[in-house]
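Here is work.txt, consisting of compact mmCIF, C-alpha atoms and all ligand atoms:
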```txt
# COMPACT_ATOMS: atom_id res chain seq x y z
CA VAL A 549 35.02 -6.16 8.88
CA ARG A 550 33.98 -9.36 7.19
CA MET A 551 30.60 -9.05 5.50
CA THR A 552 28.60 -12.21 6.04
CA SER A 553 25.12 -11.44 4.82
CA ALA A 554 25.35 -13.91 1.94
CA SER A 555 25.58 -16.94 4.25
CA PRO A 556 22.52 -19.21 4.35
CA ALA A 557 19.83 -18.79 6.97
CA THR A 558 19.70 -21.48 9.61
CA LYS A 559 16.16 -21.10 10.96
CA THR A 560 12.76 -20.84 9.33
CA PRO A 561 11.38 -17.34 9.71
CA ARG A 562 7.84 -16.59 10.75
CA TRP A 563 7.82 -13.79 8.18
CA ARG A 564 9.74 -13.61 4.93
CA ARG A 565 9.86 -9.83 4.84
CA VAL A 566 9.26 -7.26 7.56
CA VAL A 567 9.28 -3.53 8.02
CA LEU A 568 10.72 -2.41 11.32
CA LYS A 569 9.77 1.07 12.39
CA LEU A 570 12.46 2.44 14.72
CA SER A 571 11.60 5.69 16.42
CA GLY A 572 14.32 8.25 16.91
CA GLU A 573 14.00 7.78 20.64
CA ALA A 574 14.85 4.10 20.31
CA LEU A 575 18.34 5.19 19.22
CA ALA A 576 18.70 8.14 21.56
CA GLU A 577 20.58 8.78 24.74
CA GLN A 578 18.79 8.37 28.07
CA SER A 579 17.40 11.90 27.74
CA GLY A 580 15.56 10.90 24.55
CA PHE A 581 17.74 13.29 22.56
CA GLY A 582 20.68 12.69 20.24
CA LEU A 583 22.23 9.33 19.41
CA ASP A 584 23.67 6.77 21.78
CA THR A 585 26.56 4.82 20.26
CA GLU A 586 26.09 1.79 22.51
CA THR A 587 22.37 1.59 21.70
CA LEU A 588 23.09 1.87 17.99
CA HIS A 589 25.64 -0.92 18.29
CA GLN A 590 23.20 -3.16 20.17
CA VAL A 591 20.33 -2.56 17.73
CA ALA A 592 22.65 -3.18 14.78
CA SER A 593 23.94 -6.46 16.23
CA GLU A 594 20.41 -7.72 16.83
CA LEU A 595 19.37 -6.80 13.32
CA HIS A 596 22.40 -8.51 11.84
CA GLU A 597 21.67 -11.62 13.87
CA ALA A 598 18.02 -11.69 12.76
CA ARG A 599 19.03 -11.27 9.14
CA GLN A 600 21.67 -14.02 9.45
CA GLU A 601 19.73 -16.57 11.48
CA PHE A 602 16.37 -16.26 9.82
CA GLY A 603 17.20 -14.93 6.38
CA VAL A 604 14.31 -12.51 6.74
CA ASP A 605 14.23 -9.40 4.57
CA ILE A 606 14.40 -6.33 6.80
CA ALA A 607 13.49 -2.80 5.78
CA ILE A 608 13.78 -0.21 8.52
CA VAL A 609 11.81 3.00 8.58
CA VAL A 610 13.62 5.40 10.92
CA GLY A 611 11.99 8.23 12.81
CA GLY A 612 13.55 11.52 13.80
CA GLY A 613 11.94 12.46 17.09
CA ASN A 614 15.28 12.36 18.91
CA PHE A 615 16.20 15.48 16.97
CA TRP A 616 13.02 17.14 15.79
CA ARG A 617 9.30 16.61 15.39
CA GLY A 618 7.32 18.91 13.17
CA LEU A 619 4.63 19.36 15.78
CA LYS A 620 7.14 20.84 18.17
CA GLY A 621 7.88 23.64 15.73
CA THR A 622 4.21 24.08 14.87
CA GLY A 623 3.47 24.47 18.56
CA ARG A 624 5.92 27.36 18.59
CA GLY A 625 4.23 29.09 15.69
CA MET A 626 6.36 27.69 12.86
CA ASP A 627 4.91 26.91 9.48
CA GLN A 628 4.05 23.20 9.68
CA ALA A 629 5.41 22.17 6.30
CA GLN A 630 8.71 23.86 7.09
CA ALA A 631 8.89 22.20 10.51
CA ASP A 632 8.10 18.84 8.92
CA TYR A 633 10.90 19.20 6.37
CA MET A 634 13.24 19.63 9.32
CA GLY A 635 11.86 16.42 10.82
CA MET A 636 12.37 14.50 7.59
CA ILE A 637 15.99 15.62 7.47
CA ALA A 638 16.40 14.42 11.07
CA THR A 639 15.39 10.92 9.94
CA VAL A 640 18.22 10.97 7.38
CA ILE A 641 20.73 11.69 10.16
CA ASN A 642 19.43 8.67 12.07
CA GLY A 643 19.48 6.53 8.93
CA LEU A 644 23.14 7.30 8.29
CA ALA A 645 24.03 6.57 11.92
CA LEU A 646 22.22 3.24 11.77
CA GLN A 647 23.95 2.31 8.52
CA ASP A 648 27.32 3.02 10.08
CA ALA A 649 26.46 0.78 13.04
CA LEU A 650 25.15 -2.01 10.78
CA GLU A 651 28.25 -2.04 8.64
CA ARG A 652 30.45 -2.13 11.71
CA ALA A 653 28.44 -5.16 12.82
CA GLY A 654 29.30 -6.81 9.48
CA GLN A 655 25.88 -6.25 7.90
CA HIS A 656 25.51 -4.92 4.37
CA SER A 657 22.99 -2.11 4.21
CA ARG A 658 21.71 0.73 2.07
CA VAL A 659 20.09 4.01 3.01
CA MET A 660 17.29 5.14 0.71
CA THR A 661 15.59 8.44 1.24
CA ALA A 662 12.25 9.84 0.12
CA VAL A 663 13.77 13.31 0.35
CA GLU A 664 16.40 13.18 -2.35
CA MET A 665 19.91 13.75 -1.13
CA PRO A 666 22.07 12.03 -3.77
CA LYS A 667 25.38 12.84 -2.14
CA VAL A 668 24.55 10.86 0.99
CA ALA A 669 21.89 8.26 0.13
CA GLU A 670 20.05 6.62 -2.74
CA PRO A 671 16.64 7.91 -3.71
CA TYR A 672 13.81 5.59 -2.69
CA ILE A 673 12.76 3.49 -5.67
CA ARG A 674 10.55 0.52 -4.82
CA ARG A 675 12.07 -1.97 -7.24
CA ARG A 676 15.59 -1.04 -6.24
CA CYS A 677 14.67 -1.40 -2.59
CA GLU A 678 13.32 -4.90 -3.24
CA ARG A 679 16.46 -5.84 -5.13
CA HIS A 680 18.62 -4.77 -2.17
CA LEU A 681 16.47 -6.89 0.15
CA GLU A 682 16.76 -9.91 -2.14
CA LYS A 683 20.52 -9.54 -2.01
CA GLY A 684 20.47 -9.79 1.78
CA ARG A 685 21.01 -6.12 2.49
CA ILE A 686 19.15 -4.36 5.24
CA VAL A 687 17.48 -1.32 3.73
CA ILE A 688 17.08 1.80 5.82
CA LEU A 689 14.25 3.99 4.61
CA ALA A 690 14.76 7.60 5.62
CA GLY A 691 12.91 10.80 4.82
CA GLY A 692 9.53 9.38 5.87
CA THR A 693 7.01 9.57 3.04
CA GLY A 694 8.77 12.65 1.65
CA ASN A 695 5.66 14.70 2.39
CA PRO A 696 4.92 17.08 5.26
CA PHE A 697 1.85 16.46 7.45
CA PHE A 698 2.74 12.79 7.88
CA THR A 699 4.84 10.82 10.33
CA THR A 700 7.20 7.93 9.88
CA ASP A 701 4.48 5.55 11.14
CA THR A 702 2.60 6.36 7.96
CA ALA A 703 5.80 5.80 6.00
CA ALA A 704 6.18 2.36 7.60
CA ALA A 705 2.63 1.36 6.61
CA LEU A 706 3.08 2.73 3.10
CA ARG A 707 6.42 1.02 2.48
CA ALA A 708 5.21 -2.25 3.99
CA ALA A 709 2.31 -2.29 1.53
CA GLU A 710 4.60 -1.38 -1.38
CA ILE A 711 7.20 -4.07 -0.73
CA GLU A 712 4.59 -6.63 0.40
CA ALA A 713 5.99 -7.11 3.88
CA GLN A 714 4.09 -9.55 6.09
CA ALA A 715 4.51 -7.55 9.27
CA ILE A 716 5.27 -4.10 10.59
CA LEU A 717 7.20 -4.23 13.85
CA LYS A 718 7.55 -1.13 15.92
CA GLY A 719 10.61 -0.40 18.03
CA THR A 720 9.65 2.48 20.26
CA HIS A 721 9.64 3.42 23.88
CA SER A 722 5.86 3.33 23.98
CA GLY A 723 6.01 -0.47 24.11
CA VAL A 724 4.15 -1.47 20.95
CA ASP A 725 5.41 -4.94 19.99
CA GLY A 726 3.92 -5.24 16.54
CA ILE A 727 1.10 -4.21 14.27
N1 LIG B 801 7.85 13.76 8.85
C1 LIG B 801 7.11 14.27 7.78
N2 LIG B 801 6.65 13.40 6.84
C2 LIG B 801 6.85 12.07 6.90
C3 LIG B 801 7.59 11.56 7.99
C4 LIG B 801 8.07 12.42 8.95
O1 LIG B 801 6.91 15.46 7.68
O2 LIG B 801 6.40 11.34 6.00
C5 LIG B 801 8.42 14.71 9.83
C6 LIG B 801 7.43 15.10 10.94
O3 LIG B 801 7.69 16.44 11.29
C7 LIG B 801 7.82 14.17 12.06
C8 LIG B 801 9.33 14.11 11.90
O4 LIG B 801 9.52 14.10 10.50
O5 LIG B 801 7.46 14.68 13.33
C9 LIG B 801 10.01 12.93 12.54
O6 LIG B 801 9.29 11.75 12.30
P1 LIG B 801 8.50 10.99 13.49
O7 LIG B 801 7.81 12.00 14.34
O8 LIG B 801 7.64 9.95 12.87
O9 LIG B 801 9.70 10.34 14.29
P2 LIG B 801 9.66 9.32 15.54
O10 LIG B 801 8.61 9.82 16.49
O11 LIG B 801 9.30 7.99 15.01
O12 LIG B 801 11.05 9.35 16.09
```

The structure in this file should be written as structure tokens.
Ligand code: UDP
Amino acid sequence: VRMTSASPATKTPRWRRVVLKLSGEALAEQSGFGLDTETLHQVASELHEARQEFGVDIAIVVGGGNFWRGLKGTGRGMDQAQADYMGMIATVINGLALQDALERAGQHSRVMTAVEMPKVAEPYIRRRCERHLEKGRIVILAGGTGNPFFTTDTAAALRAAEIEAQAILKGTHSGVDGI
């Protein structure tokens, strides 16, 4: 695969830097569970195109609802923090799948996680994240905020503020276009 992310942008972007929140369901099979390879491929191609055509910095916060949501476990009597840790790990699975799809689409990317897992992804460090973005890499932010009792929507708002993104876009099945 030829990596092309260093080529110059051809159109003026509306935003210089965005955070895209992708819910787990946005990557799932029809049932809302698991991962759909074709969907991953399509999402990755669109992201690569946006990065190439507009030169916009893209950080993606991935959800994990296609595998596990903490509230589901809590509803069954599980300890909430424990159930939320499971959810955060689910977001790492999605992050790795998305990275694989992006790289197959010819797009450089990095996965950074708030729940440290050094064998599979970099730890989230704001300055390092910004450096990746400046180099034209799409950064996938997994692990949510790293804290139980939150969701990845909160992570998207937090990271957008940290990296001074101009917009948070939400890719979900609930039909929210942007925030
Ligand atoms: N989660 C968490 N802290 C965070 C982000 C996520 O504990 O900062 C857990 C929580 O259990 C959540 C799950 O991870 O339900 C998956 O995230 P989310 O529900 O936001 O996924 P989405 O609905 O976007 O697929």

> In Å, with one decimal, what is the gap from atom CA of Glu712 of chain A to atom CA of Thr700 of chain A?
Replying inline: 17.6 Å

> Taking (12.2, -20.2, 11.8) in the file's coordinates, which residues come within 10 Å, counting only C-alpha atoms, written as a PyMOL selection string?
Replying inline: chain A and resi 557-564+601-604

> Taking only C-alpha atoms and all ligand atoms into account, which of A:Arg658, A:Arg674, A:Lys620, A:Arg565 comes nearest ligand LIG 801 (chain B)?
Replying inline: A:Lys620

Residues of chain A within 10 Å of ligand LIG 801 (chain B): nearest atom pair and distance (Å, one decimal) for each, counting all atoms listed in the file, sorted by chain and number, as a tab-separated table?
```
residue	atom	partner	partner_atom	distance
A:Lys569	CA	B:LIG801	O11	7.4
A:Leu570	CA	B:LIG801	O11	6.4
A:Ser571	CA	B:LIG801	O11	3.5
A:Gly572	CA	B:LIG801	O12	3.5
A:Glu573	CA	B:LIG801	O12	5.6
A:Ala574	CA	B:LIG801	O12	7.7
A:Leu575	CA	B:LIG801	O12	9.0
A:Ala576	CA	B:LIG801	O12	9.5
A:Gly580	CA	B:LIG801	O12	9.7
A:Val609	CA	B:LIG801	O11	8.5
A:Val610	CA	B:LIG801	O11	6.5
A:Gly611	CA	B:LIG801	O9	3.4
A:Gly612	CA	B:LIG801	C9	4.0
A:Gly613	CA	B:LIG801	O12	3.4
A:Asn614	CA	B:LIG801	O12	5.9
A:Phe615	CA	B:LIG801	C9	8.0
A:Trp616	CA	B:LIG801	C9	6.1
A:Arg617	CA	B:LIG801	O5	3.4
A:Gly618	CA	B:LIG801	O3	3.1
A:Leu619	CA	B:LIG801	O5	6.0
A:Lys620	CA	B:LIG801	O5	7.8
A:Gly621	CA	B:LIG801	O3	8.5
A:Thr622	CA	B:LIG801	O3	9.1
A:Gln628	CA	B:LIG801	O3	7.8
A:Ala629	CA	B:LIG801	O1	7.0
A:Gln630	CA	B:LIG801	O3	8.6
A:Ala631	CA	B:LIG801	O3	5.9
A:Asp632	CA	B:LIG801	O3	3.4
A:Tyr633	CA	B:LIG801	O1	5.6
A:Met634	CA	B:LIG801	O3	6.7
A:Gly635	CA	B:LIG801	O4	3.3
A:Met636	CA	B:LIG801	O4	4.1
A:Ile637	CA	B:LIG801	O4	7.3
A:Ala638	CA	B:LIG801	C9	6.7
A:Thr639	CA	B:LIG801	C9	6.3
A:Val640	CA	B:LIG801	O4	9.8
A:Asn642	CA	B:LIG801	O12	9.3
A:Ala662	CA	B:LIG801	O2	8.4
A:Val663	CA	B:LIG801	O2	9.5
A:Ala690	CA	B:LIG801	C3	8.5
A:Gly691	CA	B:LIG801	C3	6.2
A:Gly692	CA	B:LIG801	C3	3.6
A:Thr693	CA	B:LIG801	O2	3.5
A:Gly694	CA	B:LIG801	O2	5.1
A:Asn695	CA	B:LIG801	N2	4.7
A:Pro696	CA	B:LIG801	O1	3.5
A:Phe697	CA	B:LIG801	O1	5.2
A:Phe698	CA	B:LIG801	N2	4.1
A:Thr699	CA	B:LIG801	C3	3.7
A:Thr700	CA	B:LIG801	O8	3.6
A:Asp701	CA	B:LIG801	O8	5.7
A:Thr702	CA	B:LIG801	O2	6.6
A:Ala703	CA	B:LIG801	O2	5.6
A:Ala704	CA	B:LIG801	O2	9.1
A:Leu706	CA	B:LIG801	O2	9.7
A:Lys718	CA	B:LIG801	O11	9.3
A:Gly719	CA	B:LIG801	O11	9.0
A:Thr720	CA	B:LIG801	O11	7.6
A:His721	CA	B:LIG801	O10	9.8
```

>> Between A:Ile711, A:Ala669, A:Met660, A:Ala645, which residue has the minimum interatomic distance to Glu682 of chain A, considering all atoms listed in the file?
In response: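 With all atoms listed in the file as the atom set, the closest residue is A:Ile711.
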
> Any idea what the distance is between atom CA of Tyr672 of chain A and atom CA of Gly684 of chain A?
Replying inline: 17.3 Å

> Restricting the calculation to all atoms listed in the file, which member of A:Gln714, A:Ser593, A:Gln600, A:Ser579 is positioned closest to Glu651 of chain A?
Replying inline: A:Ser593
